$ cat input.cif   # mmCIF, N, CA and C atoms
data_my_file
loop_
_atom_site.label_atom_id
_atom_site.label_comp_id
_atom_site.auth_asym_id
_atom_site.auth_seq_id
_atom_site.Cartn_x
_atom_site.Cartn_y
_atom_site.Cartn_z
N MET A 194 -88.73 -0.79 264.81
CA MET A 194 -88.12 -2.08 264.99
C MET A 194 -87.40 -2.14 266.31
N GLU A 195 -87.33 -3.31 266.75
CA GLU A 195 -86.69 -3.52 268.04
C GLU A 195 -85.18 -3.64 267.84
N GLU A 196 -84.49 -3.41 268.91
CA GLU A 196 -83.02 -3.42 268.90
C GLU A 196 -82.46 -4.79 268.50
N PRO A 197 -82.88 -5.92 269.07
CA PRO A 197 -82.31 -7.21 268.66
C PRO A 197 -82.55 -7.53 267.20
N GLU A 198 -83.76 -7.16 266.73
CA GLU A 198 -84.06 -7.42 265.32
C GLU A 198 -83.15 -6.58 264.42
N MET A 199 -82.89 -5.37 264.83
CA MET A 199 -82.01 -4.48 264.07
C MET A 199 -80.58 -5.02 264.07
N GLN A 200 -80.16 -5.54 265.16
CA GLN A 200 -78.81 -6.12 265.25
C GLN A 200 -78.69 -7.35 264.35
N LEU A 201 -79.75 -8.16 264.33
CA LEU A 201 -79.74 -9.36 263.48
C LEU A 201 -79.66 -8.97 262.02
N LYS A 202 -80.44 -7.99 261.61
CA LYS A 202 -80.41 -7.53 260.22
C LYS A 202 -79.04 -6.91 259.89
N GLY A 203 -78.49 -6.14 260.83
CA GLY A 203 -77.16 -5.54 260.63
C GLY A 203 -76.08 -6.61 260.49
N LYS A 204 -76.20 -7.68 261.31
CA LYS A 204 -75.23 -8.77 261.23
C LYS A 204 -75.32 -9.48 259.88
N LYS A 205 -76.57 -9.71 259.40
CA LYS A 205 -76.76 -10.35 258.10
C LYS A 205 -76.14 -9.52 256.99
N VAL A 206 -76.35 -8.21 257.04
CA VAL A 206 -75.81 -7.31 256.01
C VAL A 206 -74.28 -7.34 256.04
N THR A 207 -73.72 -7.25 257.23
CA THR A 207 -72.24 -7.26 257.31
C THR A 207 -71.68 -8.61 256.89
N ASP A 208 -72.36 -9.70 257.23
CA ASP A 208 -71.90 -11.04 256.80
C ASP A 208 -71.92 -11.14 255.27
N LYS A 209 -73.01 -10.68 254.65
CA LYS A 209 -73.11 -10.71 253.19
C LYS A 209 -72.04 -9.82 252.55
N PHE A 210 -71.81 -8.67 253.15
CA PHE A 210 -70.80 -7.75 252.64
C PHE A 210 -69.40 -8.38 252.75
N THR A 211 -69.12 -8.98 253.90
CA THR A 211 -67.83 -9.63 254.10
C THR A 211 -67.64 -10.76 253.09
N GLU A 212 -68.67 -11.55 252.87
CA GLU A 212 -68.59 -12.65 251.91
C GLU A 212 -68.34 -12.11 250.50
N SER A 213 -69.02 -11.02 250.14
CA SER A 213 -68.83 -10.43 248.82
C SER A 213 -67.40 -9.91 248.64
N VAL A 214 -66.88 -9.27 249.67
CA VAL A 214 -65.50 -8.77 249.60
C VAL A 214 -64.53 -9.94 249.48
N TYR A 215 -64.77 -11.00 250.24
CA TYR A 215 -63.92 -12.19 250.21
C TYR A 215 -63.93 -12.81 248.81
N VAL A 216 -65.11 -12.94 248.21
CA VAL A 216 -65.23 -13.51 246.87
C VAL A 216 -64.49 -12.63 245.86
N LEU A 217 -64.67 -11.31 245.96
CA LEU A 217 -63.99 -10.40 245.04
C LEU A 217 -62.47 -10.46 245.20
N ALA A 218 -62.01 -10.57 246.44
CA ALA A 218 -60.57 -10.60 246.69
C ALA A 218 -59.93 -11.89 246.18
N ASN A 219 -60.73 -12.95 246.13
CA ASN A 219 -60.19 -14.24 245.70
C ASN A 219 -60.69 -14.65 244.32
N GLU A 220 -61.18 -13.72 243.58
CA GLU A 220 -61.66 -14.00 242.24
C GLU A 220 -60.48 -14.43 241.36
N PRO A 221 -60.68 -15.33 240.42
CA PRO A 221 -59.57 -15.80 239.57
C PRO A 221 -58.84 -14.68 238.83
N SER A 222 -59.53 -13.66 238.39
CA SER A 222 -58.85 -12.58 237.67
C SER A 222 -57.89 -11.85 238.60
N VAL A 223 -58.24 -11.71 239.86
CA VAL A 223 -57.35 -11.07 240.82
C VAL A 223 -56.13 -11.95 241.05
N ALA A 224 -56.37 -13.25 241.17
CA ALA A 224 -55.26 -14.20 241.35
C ALA A 224 -54.32 -14.15 240.15
N LEU A 225 -54.89 -14.09 238.96
CA LEU A 225 -54.05 -14.01 237.76
C LEU A 225 -53.27 -12.71 237.72
N TYR A 226 -53.90 -11.62 238.15
CA TYR A 226 -53.21 -10.33 238.20
C TYR A 226 -52.02 -10.41 239.15
N ARG A 227 -52.22 -11.01 240.33
CA ARG A 227 -51.13 -11.14 241.30
C ARG A 227 -50.03 -12.05 240.77
N LEU A 228 -50.42 -13.09 240.07
CA LEU A 228 -49.43 -13.99 239.46
C LEU A 228 -48.62 -13.25 238.39
N GLN A 229 -49.31 -12.44 237.58
CA GLN A 229 -48.63 -11.65 236.56
C GLN A 229 -47.66 -10.66 237.20
N GLU A 230 -48.06 -10.04 238.28
CA GLU A 230 -47.18 -9.12 239.00
C GLU A 230 -45.93 -9.84 239.49
N HIS A 231 -46.12 -11.00 240.06
CA HIS A 231 -44.99 -11.77 240.58
C HIS A 231 -44.03 -12.15 239.45
N VAL A 232 -44.57 -12.62 238.34
CA VAL A 232 -43.73 -13.01 237.20
C VAL A 232 -42.97 -11.80 236.67
N ARG A 233 -43.65 -10.68 236.55
CA ARG A 233 -43.02 -9.47 236.03
C ARG A 233 -41.86 -9.02 236.93
N ARG A 234 -42.02 -9.17 238.24
CA ARG A 234 -40.96 -8.77 239.18
C ARG A 234 -39.80 -9.76 239.18
N SER A 235 -40.09 -11.04 239.09
CA SER A 235 -39.03 -12.05 239.27
C SER A 235 -38.39 -12.50 237.96
N LEU A 236 -39.02 -12.27 236.83
CA LEU A 236 -38.49 -12.76 235.56
C LEU A 236 -37.13 -12.18 235.18
N PRO A 237 -36.87 -10.89 235.32
CA PRO A 237 -35.54 -10.38 234.95
C PRO A 237 -34.42 -11.05 235.75
N GLU A 238 -34.64 -11.26 237.03
CA GLU A 238 -33.62 -11.91 237.86
C GLU A 238 -33.42 -13.36 237.41
N LEU A 239 -34.50 -14.06 237.11
CA LEU A 239 -34.39 -15.44 236.64
C LEU A 239 -33.66 -15.50 235.29
N ALA A 240 -33.95 -14.56 234.41
CA ALA A 240 -33.28 -14.53 233.12
C ALA A 240 -31.78 -14.29 233.30
N GLN A 241 -31.42 -13.43 234.24
CA GLN A 241 -30.00 -13.17 234.50
C GLN A 241 -29.32 -14.42 235.06
N HIS A 242 -30.00 -15.12 235.96
CA HIS A 242 -29.44 -16.37 236.50
C HIS A 242 -29.23 -17.39 235.39
N LYS A 243 -30.19 -17.47 234.48
CA LYS A 243 -30.08 -18.42 233.37
C LYS A 243 -28.87 -18.06 232.50
N ALA A 244 -28.70 -16.80 232.19
CA ALA A 244 -27.57 -16.37 231.37
C ALA A 244 -26.24 -16.67 232.07
N ASP A 245 -26.19 -16.41 233.39
CA ASP A 245 -24.98 -16.72 234.16
C ASP A 245 -24.66 -18.21 234.12
N MET A 246 -25.68 -19.03 234.30
CA MET A 246 -25.49 -20.48 234.30
C MET A 246 -24.99 -20.95 232.93
N GLN A 247 -25.54 -20.41 231.86
CA GLN A 247 -25.09 -20.79 230.52
C GLN A 247 -23.63 -20.39 230.30
N ARG A 248 -23.25 -19.20 230.77
CA ARG A 248 -21.87 -18.75 230.63
C ARG A 248 -20.93 -19.66 231.43
N TRP A 249 -21.33 -20.01 232.64
CA TRP A 249 -20.50 -20.89 233.47
C TRP A 249 -20.40 -22.28 232.86
N GLU A 250 -21.48 -22.74 232.23
CA GLU A 250 -21.44 -24.04 231.57
C GLU A 250 -20.45 -24.02 230.41
N GLU A 251 -20.48 -22.96 229.62
CA GLU A 251 -19.54 -22.85 228.50
C GLU A 251 -18.10 -22.83 229.00
N GLN A 252 -17.84 -22.06 230.05
CA GLN A 252 -16.49 -22.00 230.61
C GLN A 252 -16.06 -23.36 231.15
N SER A 253 -16.99 -24.05 231.79
CA SER A 253 -16.68 -25.38 232.34
C SER A 253 -16.38 -26.36 231.22
N GLN A 254 -17.17 -26.31 230.16
CA GLN A 254 -16.93 -27.21 229.03
C GLN A 254 -15.57 -26.94 228.41
N GLY A 255 -15.20 -25.68 228.31
CA GLY A 255 -13.88 -25.34 227.78
C GLY A 255 -12.77 -25.86 228.67
N ALA A 256 -12.93 -25.73 229.98
CA ALA A 256 -11.91 -26.22 230.92
C ALA A 256 -11.83 -27.74 230.86
N ILE A 257 -12.97 -28.41 230.76
CA ILE A 257 -12.98 -29.87 230.67
C ILE A 257 -12.24 -30.31 229.41
N TYR A 258 -12.51 -29.65 228.29
CA TYR A 258 -11.84 -30.00 227.04
C TYR A 258 -10.33 -29.82 227.18
N THR A 259 -9.92 -28.71 227.80
CA THR A 259 -8.49 -28.44 227.98
C THR A 259 -7.82 -29.53 228.82
N VAL A 260 -8.47 -29.91 229.91
CA VAL A 260 -7.91 -30.95 230.78
C VAL A 260 -7.84 -32.29 230.06
N GLU A 261 -8.90 -32.64 229.34
CA GLU A 261 -8.89 -33.91 228.60
C GLU A 261 -7.79 -33.91 227.54
N TYR A 262 -7.60 -32.78 226.87
CA TYR A 262 -6.56 -32.69 225.84
C TYR A 262 -5.18 -32.82 226.48
N ALA A 263 -4.97 -32.18 227.63
CA ALA A 263 -3.68 -32.27 228.32
C ALA A 263 -3.41 -33.70 228.78
N CYS A 264 -4.42 -34.36 229.31
CA CYS A 264 -4.26 -35.75 229.74
C CYS A 264 -3.91 -36.64 228.56
N SER A 265 -4.54 -36.41 227.44
CA SER A 265 -4.25 -37.19 226.23
C SER A 265 -2.81 -36.95 225.78
N ALA A 266 -2.36 -35.70 225.84
CA ALA A 266 -0.99 -35.38 225.43
C ALA A 266 0.02 -36.06 226.35
N VAL A 267 -0.23 -36.05 227.64
CA VAL A 267 0.68 -36.69 228.59
C VAL A 267 0.71 -38.20 228.35
N LYS A 268 -0.44 -38.80 228.12
CA LYS A 268 -0.50 -40.24 227.84
C LYS A 268 0.28 -40.57 226.57
N ASN A 269 0.13 -39.74 225.55
CA ASN A 269 0.87 -39.97 224.31
C ASN A 269 2.37 -39.84 224.53
N LEU A 270 2.79 -38.90 225.38
CA LEU A 270 4.22 -38.78 225.68
C LEU A 270 4.74 -40.03 226.39
N VAL A 271 3.97 -40.53 227.33
CA VAL A 271 4.38 -41.75 228.04
C VAL A 271 4.46 -42.91 227.06
N ASP A 272 3.46 -43.02 226.19
CA ASP A 272 3.45 -44.11 225.20
C ASP A 272 4.58 -43.98 224.19
N SER A 273 5.08 -42.77 223.94
CA SER A 273 6.12 -42.58 222.93
C SER A 273 7.52 -42.79 223.49
N SER A 274 7.66 -43.12 224.76
CA SER A 274 9.00 -43.34 225.33
C SER A 274 9.73 -44.47 224.60
N VAL A 275 9.00 -45.46 224.12
CA VAL A 275 9.61 -46.55 223.34
C VAL A 275 10.27 -45.98 222.09
N TYR A 276 9.60 -45.08 221.43
CA TYR A 276 10.14 -44.49 220.21
C TYR A 276 11.35 -43.61 220.51
N PHE A 277 11.32 -42.89 221.63
CA PHE A 277 12.47 -42.08 222.00
C PHE A 277 13.69 -42.95 222.28
N ARG A 278 13.50 -44.09 222.93
CA ARG A 278 14.63 -45.01 223.17
C ARG A 278 15.16 -45.56 221.86
N SER A 279 14.27 -45.85 220.93
CA SER A 279 14.69 -46.35 219.63
C SER A 279 15.50 -45.29 218.88
N VAL A 280 15.02 -44.04 218.90
CA VAL A 280 15.74 -42.94 218.25
C VAL A 280 17.09 -42.74 218.91
N GLU A 281 17.16 -42.84 220.24
CA GLU A 281 18.42 -42.70 220.96
C GLU A 281 19.42 -43.77 220.51
N GLY A 282 18.95 -45.01 220.39
CA GLY A 282 19.83 -46.09 219.92
C GLY A 282 20.32 -45.85 218.50
N LEU A 283 19.42 -45.39 217.63
CA LEU A 283 19.80 -45.12 216.24
C LEU A 283 20.80 -43.96 216.17
N LEU A 284 20.61 -42.93 217.02
CA LEU A 284 21.57 -41.82 217.05
C LEU A 284 22.94 -42.29 217.51
N LYS A 285 22.99 -43.13 218.53
CA LYS A 285 24.27 -43.66 218.99
C LYS A 285 24.94 -44.48 217.88
N GLN A 286 24.15 -45.26 217.19
CA GLN A 286 24.67 -46.07 216.09
C GLN A 286 25.19 -45.16 214.97
N ALA A 287 24.46 -44.08 214.65
CA ALA A 287 24.89 -43.16 213.61
C ALA A 287 26.19 -42.45 214.01
N ILE A 288 26.33 -42.07 215.29
CA ILE A 288 27.55 -41.43 215.77
C ILE A 288 28.72 -42.40 215.66
N SER A 289 28.48 -43.63 216.00
CA SER A 289 29.54 -44.64 215.91
C SER A 289 29.98 -44.83 214.46
N ILE A 290 29.02 -44.88 213.55
CA ILE A 290 29.35 -45.04 212.12
C ILE A 290 30.10 -43.82 211.62
N ARG A 291 29.68 -42.63 212.04
CA ARG A 291 30.37 -41.41 211.64
C ARG A 291 31.82 -41.43 212.13
N ASP A 292 32.00 -41.77 213.40
CA ASP A 292 33.36 -41.84 213.95
C ASP A 292 34.20 -42.85 213.19
N HIS A 293 33.62 -43.98 212.86
CA HIS A 293 34.33 -45.02 212.11
C HIS A 293 34.71 -44.50 210.72
N MET A 294 33.80 -43.79 210.07
CA MET A 294 34.09 -43.25 208.73
C MET A 294 35.16 -42.17 208.80
N ASN A 295 35.12 -41.32 209.83
CA ASN A 295 36.15 -40.30 210.00
C ASN A 295 37.52 -40.94 210.22
N ALA A 296 37.53 -42.01 210.99
CA ALA A 296 38.79 -42.71 211.26
C ALA A 296 39.33 -43.32 209.98
N MET A 297 38.45 -43.87 209.18
CA MET A 297 38.88 -44.48 207.91
C MET A 297 39.42 -43.39 206.97
N ALA A 298 38.79 -42.21 206.98
CA ALA A 298 39.22 -41.13 206.11
C ALA A 298 40.58 -40.59 206.54
N GLN A 299 40.91 -40.70 207.82
CA GLN A 299 42.19 -40.19 208.32
C GLN A 299 43.27 -41.25 208.26
N GLY A 300 42.94 -42.42 207.79
CA GLY A 300 43.94 -43.46 207.59
C GLY A 300 44.13 -44.40 208.75
N HIS A 301 43.33 -44.37 209.74
CA HIS A 301 43.41 -45.31 210.85
C HIS A 301 42.79 -46.63 210.42
N SER A 302 43.27 -47.70 211.00
CA SER A 302 42.64 -48.98 210.70
C SER A 302 41.44 -49.14 211.61
N PRO A 303 40.46 -49.88 211.18
CA PRO A 303 39.24 -50.04 211.97
C PRO A 303 39.49 -50.70 213.32
N GLU A 304 40.60 -51.46 213.44
CA GLU A 304 40.87 -52.15 214.72
C GLU A 304 41.50 -51.22 215.74
N GLU A 305 42.14 -50.13 215.30
CA GLU A 305 42.78 -49.22 216.23
C GLU A 305 41.74 -48.45 217.02
N PRO A 306 42.07 -48.13 218.28
CA PRO A 306 41.11 -47.32 219.03
C PRO A 306 40.97 -45.93 218.40
N LEU A 307 39.79 -45.43 218.41
CA LEU A 307 39.53 -44.14 217.80
C LEU A 307 39.78 -43.03 218.81
N PRO A 308 40.28 -41.88 218.33
CA PRO A 308 40.40 -40.74 219.23
C PRO A 308 39.02 -40.24 219.62
N PRO A 309 38.89 -39.58 220.75
CA PRO A 309 37.57 -39.08 221.18
C PRO A 309 36.98 -38.15 220.13
N SER A 310 35.71 -38.26 219.96
CA SER A 310 35.03 -37.44 218.95
C SER A 310 34.79 -36.05 219.48
N SER A 311 34.79 -35.06 218.58
CA SER A 311 34.59 -33.67 218.97
C SER A 311 33.14 -33.26 218.78
N ALA A 312 32.29 -34.20 218.65
CA ALA A 312 30.88 -33.91 218.43
C ALA A 312 30.18 -33.61 219.64
#

$ encode --input "input.cif" --output "structure tokens"
Amino acid sequence: MEEPEMQLKGKKVTDKFTESVYVLANEPSVALYRLQEHVRRSLPELAQHKADMQRWEEQSQGAIYTVEYACSAVKNLVDSSVYFRSVEGLLKQAISIRDHMNAMAQGHSPEEPLPPSSA
């Protein structure tokens, strides 16, 4: 055989061989194997990230609940100031009645000024 003909046949053989290697390298089973490898390597890290995120979410929910409860308590304290003023007035009235009763028990007339209370 002549040299050019031999080169042409050699080129055809190498082209076919290259194509066969390319097909084998890109075969679906090889792709699935590489995908499985990737998942096996990255899955533990992803699982750890998921667990961390769930833990942070639980902590955040707890903090949100605490803040909402504190805000509600402060609002209730502000709203109860009316009741505190009412109790203060009733206490002053009760002290006045007590002082008046003590004065009556000691024989003072209700019109006389009362001595300062020791309460």

$ select_by_dssp --input "input.cif" --residues "region 229-310 of chain A" --states "alpha helix (DSSP H)" --output "ChimeraX atom specification"
/A:229-272,274-298

$ atom_distance --input "input.cif" --atom1 "atom C of Tyr215 (chain A)" --atom2 "CA of Arg227 (chain A)"
14.9 Å

$ atom_distance --input "input.cif" --atom1 "atom C of Glu212 (chain A)" --atom2 "atom C of Glu198 (chain A)"
21.1 Å

$ atom_distance --input "input.cif" --atom1 "CA of Tyr276 (chain A)" --atom2 "CA of Ser289 (chain A)"
19.9 Å

$ decode --input "input.cif" --residues "region 257-287 of chain A" --atoms "N, CA, C and O atoms" --output "mmCIF file, in the first residue's frame"
data_model
loop_
_atom_site.group_PDB
_atom_site.id
_atom_site.type_symbol
_atom_site.label_atom_id
_atom_site.label_comp_id
_atom_site.auth_asym_id
_atom_site.auth_seq_id
_atom_site.Cartn_x
_atom_site.Cartn_y
_atom_site.Cartn_z
ATOM 1 N N ILE A 257 -39.002 35.548 68.756
ATOM 2 C CA ILE A 257 -40.157 36.324 68.293
ATOM 3 C C ILE A 257 -41.286 36.211 69.310
ATOM 4 O O ILE A 257 -41.935 37.208 69.651
ATOM 5 N N TYR A 258 -41.549 35.005 69.802
ATOM 6 C CA TYR A 258 -42.605 34.813 70.794
ATOM 7 C C TYR A 258 -42.305 35.626 72.053
ATOM 8 O O TYR A 258 -43.193 36.277 72.607
ATOM 9 N N THR A 259 -41.049 35.600 72.494
ATOM 10 C CA THR A 259 -40.666 36.343 73.699
ATOM 11 C C THR A 259 -40.893 37.837 73.518
ATOM 12 O O THR A 259 -41.436 38.513 74.399
ATOM 13 N N VAL A 260 -40.492 38.367 72.376
ATOM 14 C CA VAL A 260 -40.663 39.797 72.111
ATOM 15 C C VAL A 260 -42.138 40.161 72.032
ATOM 16 O O VAL A 260 -42.573 41.181 72.590
ATOM 17 N N GLU A 261 -42.926 39.337 71.348
ATOM 18 C CA GLU A 261 -44.362 39.617 71.250
ATOM 19 C C GLU A 261 -45.019 39.577 72.629
ATOM 20 O O GLU A 261 -45.871 40.414 72.948
ATOM 21 N N TYR A 262 -44.612 38.632 73.464
ATOM 22 C CA TYR A 262 -45.175 38.528 74.808
ATOM 23 C C TYR A 262 -44.789 39.748 75.640
ATOM 24 O O TYR A 262 -45.612 40.301 76.373
ATOM 25 N N ALA A 263 -43.544 40.199 75.524
ATOM 26 C CA ALA A 263 -43.091 41.375 76.265
ATOM 27 C C ALA A 263 -43.843 42.626 75.805
ATOM 28 O O ALA A 263 -44.253 43.449 76.630
ATOM 29 N N CYS A 264 -44.038 42.765 74.509
ATOM 30 C CA CYS A 264 -44.788 43.914 73.983
ATOM 31 C C CYS A 264 -46.220 43.897 74.499
ATOM 32 O O CYS A 264 -46.771 44.943 74.873
ATOM 33 N N SER A 265 -46.814 42.732 74.542
ATOM 34 C CA SER A 265 -48.183 42.604 75.051
ATOM 35 C C SER A 265 -48.243 42.983 76.530
ATOM 36 O O SER A 265 -49.164 43.674 76.974
ATOM 37 N N ALA A 266 -47.245 42.554 77.296
ATOM 38 C CA ALA A 266 -47.213 42.874 78.729
ATOM 39 C C ALA A 266 -47.067 44.376 78.939
ATOM 40 O O ALA A 266 -47.742 44.965 79.799
ATOM 41 N N VAL A 267 -46.213 45.024 78.167
ATOM 42 C CA VAL A 267 -46.031 46.474 78.293
ATOM 43 C C VAL A 267 -47.320 47.198 77.919
ATOM 44 O O VAL A 267 -47.741 48.142 78.597
ATOM 45 N N LYS A 268 -47.969 46.763 76.853
ATOM 46 C CA LYS A 268 -49.236 47.386 76.444
ATOM 47 C C LYS A 268 -50.288 47.228 77.540
ATOM 48 O O LYS A 268 -51.024 48.171 77.844
ATOM 49 N N ASN A 269 -50.344 46.053 78.141
ATOM 50 C CA ASN A 269 -51.307 45.835 79.216
ATOM 51 C C ASN A 269 -51.001 46.719 80.421
ATOM 52 O O ASN A 269 -51.921 47.196 81.091
ATOM 53 N N LEU A 270 -49.713 46.938 80.716
ATOM 54 C CA LEU A 270 -49.359 47.841 81.817
ATOM 55 C C LEU A 270 -49.807 49.268 81.520
ATOM 56 O O LEU A 270 -50.345 49.952 82.393
ATOM 57 N N VAL A 271 -49.590 49.704 80.296
ATOM 58 C CA VAL A 271 -50.016 51.057 79.914
ATOM 59 C C VAL A 271 -51.534 51.164 80.016
ATOM 60 O O VAL A 271 -52.060 52.155 80.536
ATOM 61 N N ASP A 272 -52.235 50.146 79.533
ATOM 62 C CA ASP A 272 -53.702 50.158 79.584
ATOM 63 C C ASP A 272 -54.224 50.091 81.015
ATOM 64 O O ASP A 272 -55.327 50.562 81.305
ATOM 65 N N SER A 273 -53.463 49.529 81.948
ATOM 66 C CA SER A 273 -53.935 49.375 83.321
ATOM 67 C C SER A 273 -53.665 50.606 84.179
ATOM 68 O O SER A 273 -54.024 50.612 85.361
ATOM 69 N N SER A 274 -53.065 51.649 83.618
ATOM 70 C CA SER A 274 -52.793 52.856 84.417
ATOM 71 C C SER A 274 -54.087 53.459 84.959
ATOM 72 O O SER A 274 -54.105 54.019 86.051
ATOM 73 N N VAL A 275 -55.185 53.329 84.230
ATOM 74 C CA VAL A 275 -56.490 53.815 84.711
ATOM 75 C C VAL A 275 -56.860 53.091 86.001
ATOM 76 O O VAL A 275 -57.319 53.722 86.972
ATOM 77 N N TYR A 276 -56.648 51.804 86.037
ATOM 78 C CA TYR A 276 -56.991 51.018 87.220
ATOM 79 C C TYR A 276 -56.079 51.369 88.396
ATOM 80 O O TYR A 276 -56.535 51.419 89.548
ATOM 81 N N PHE A 277 -54.805 51.619 88.119
ATOM 82 C CA PHE A 277 -53.892 52.018 89.187
ATOM 83 C C PHE A 277 -54.316 53.361 89.794
ATOM 84 O O PHE A 277 -54.275 53.542 91.008
ATOM 85 N N ARG A 278 -54.748 54.300 88.966
ATOM 86 C CA ARG A 278 -55.221 55.591 89.491
ATOM 87 C C ARG A 278 -56.478 55.394 90.320
ATOM 88 O O ARG A 278 -56.658 56.026 91.362
ATOM 89 N N SER A 279 -57.350 54.506 89.889
ATOM 90 C CA SER A 279 -58.563 54.229 90.639
ATOM 91 C C SER A 279 -58.229 53.613 91.998
ATOM 92 O O SER A 279 -58.789 54.002 93.028
ATOM 93 N N VAL A 280 -57.296 52.655 92.013
ATOM 94 C CA VAL A 280 -56.876 52.021 93.269
ATOM 95 C C VAL A 280 -56.227 53.060 94.174
ATOM 96 O O VAL A 280 -56.463 53.071 95.398
ATOM 97 N N GLU A 281 -55.427 53.963 93.610
ATOM 98 C CA GLU A 281 -54.788 55.016 94.397
ATOM 99 C C GLU A 281 -55.841 55.901 95.070
ATOM 100 O O GLU A 281 -55.744 56.209 96.262
ATOM 101 N N GLY A 282 -56.871 56.282 94.313
ATOM 102 C CA GLY A 282 -57.951 57.095 94.884
ATOM 103 C C GLY A 282 -58.687 56.357 95.995
ATOM 104 O O GLY A 282 -59.002 56.938 97.041
ATOM 105 N N LEU A 283 -58.957 55.072 95.781
ATOM 106 C CA LEU A 283 -59.652 54.280 96.797
ATOM 107 C C LEU A 283 -58.790 54.126 98.055
ATOM 108 O O LEU A 283 -59.312 54.158 99.179
ATOM 109 N N LEU A 284 -57.462 53.953 97.864
ATOM 110 C CA LEU A 284 -56.570 53.862 99.028
ATOM 111 C C LEU A 284 -56.556 55.171 99.817
ATOM 112 O O LEU A 284 -56.605 55.158 101.058
ATOM 113 N N LYS A 285 -56.511 56.297 99.120
ATOM 114 C CA LYS A 285 -56.551 57.589 99.815
ATOM 115 C C LYS A 285 -57.858 57.746 100.580
ATOM 116 O O LYS A 285 -57.877 58.230 101.722
ATOM 117 N N GLN A 286 -58.942 57.333 99.960
ATOM 118 C CA GLN A 286 -60.250 57.413 100.608
ATOM 119 C C GLN A 286 -60.287 56.494 101.837
ATOM 120 O O GLN A 286 -60.797 56.873 102.894
ATOM 121 N N ALA A 287 -59.719 55.288 101.730
ATOM 122 C CA ALA A 287 -59.701 54.360 102.857
ATOM 123 C C ALA A 287 -58.846 54.913 103.998
ATOM 124 O O ALA A 287 -59.210 54.794 105.173
#
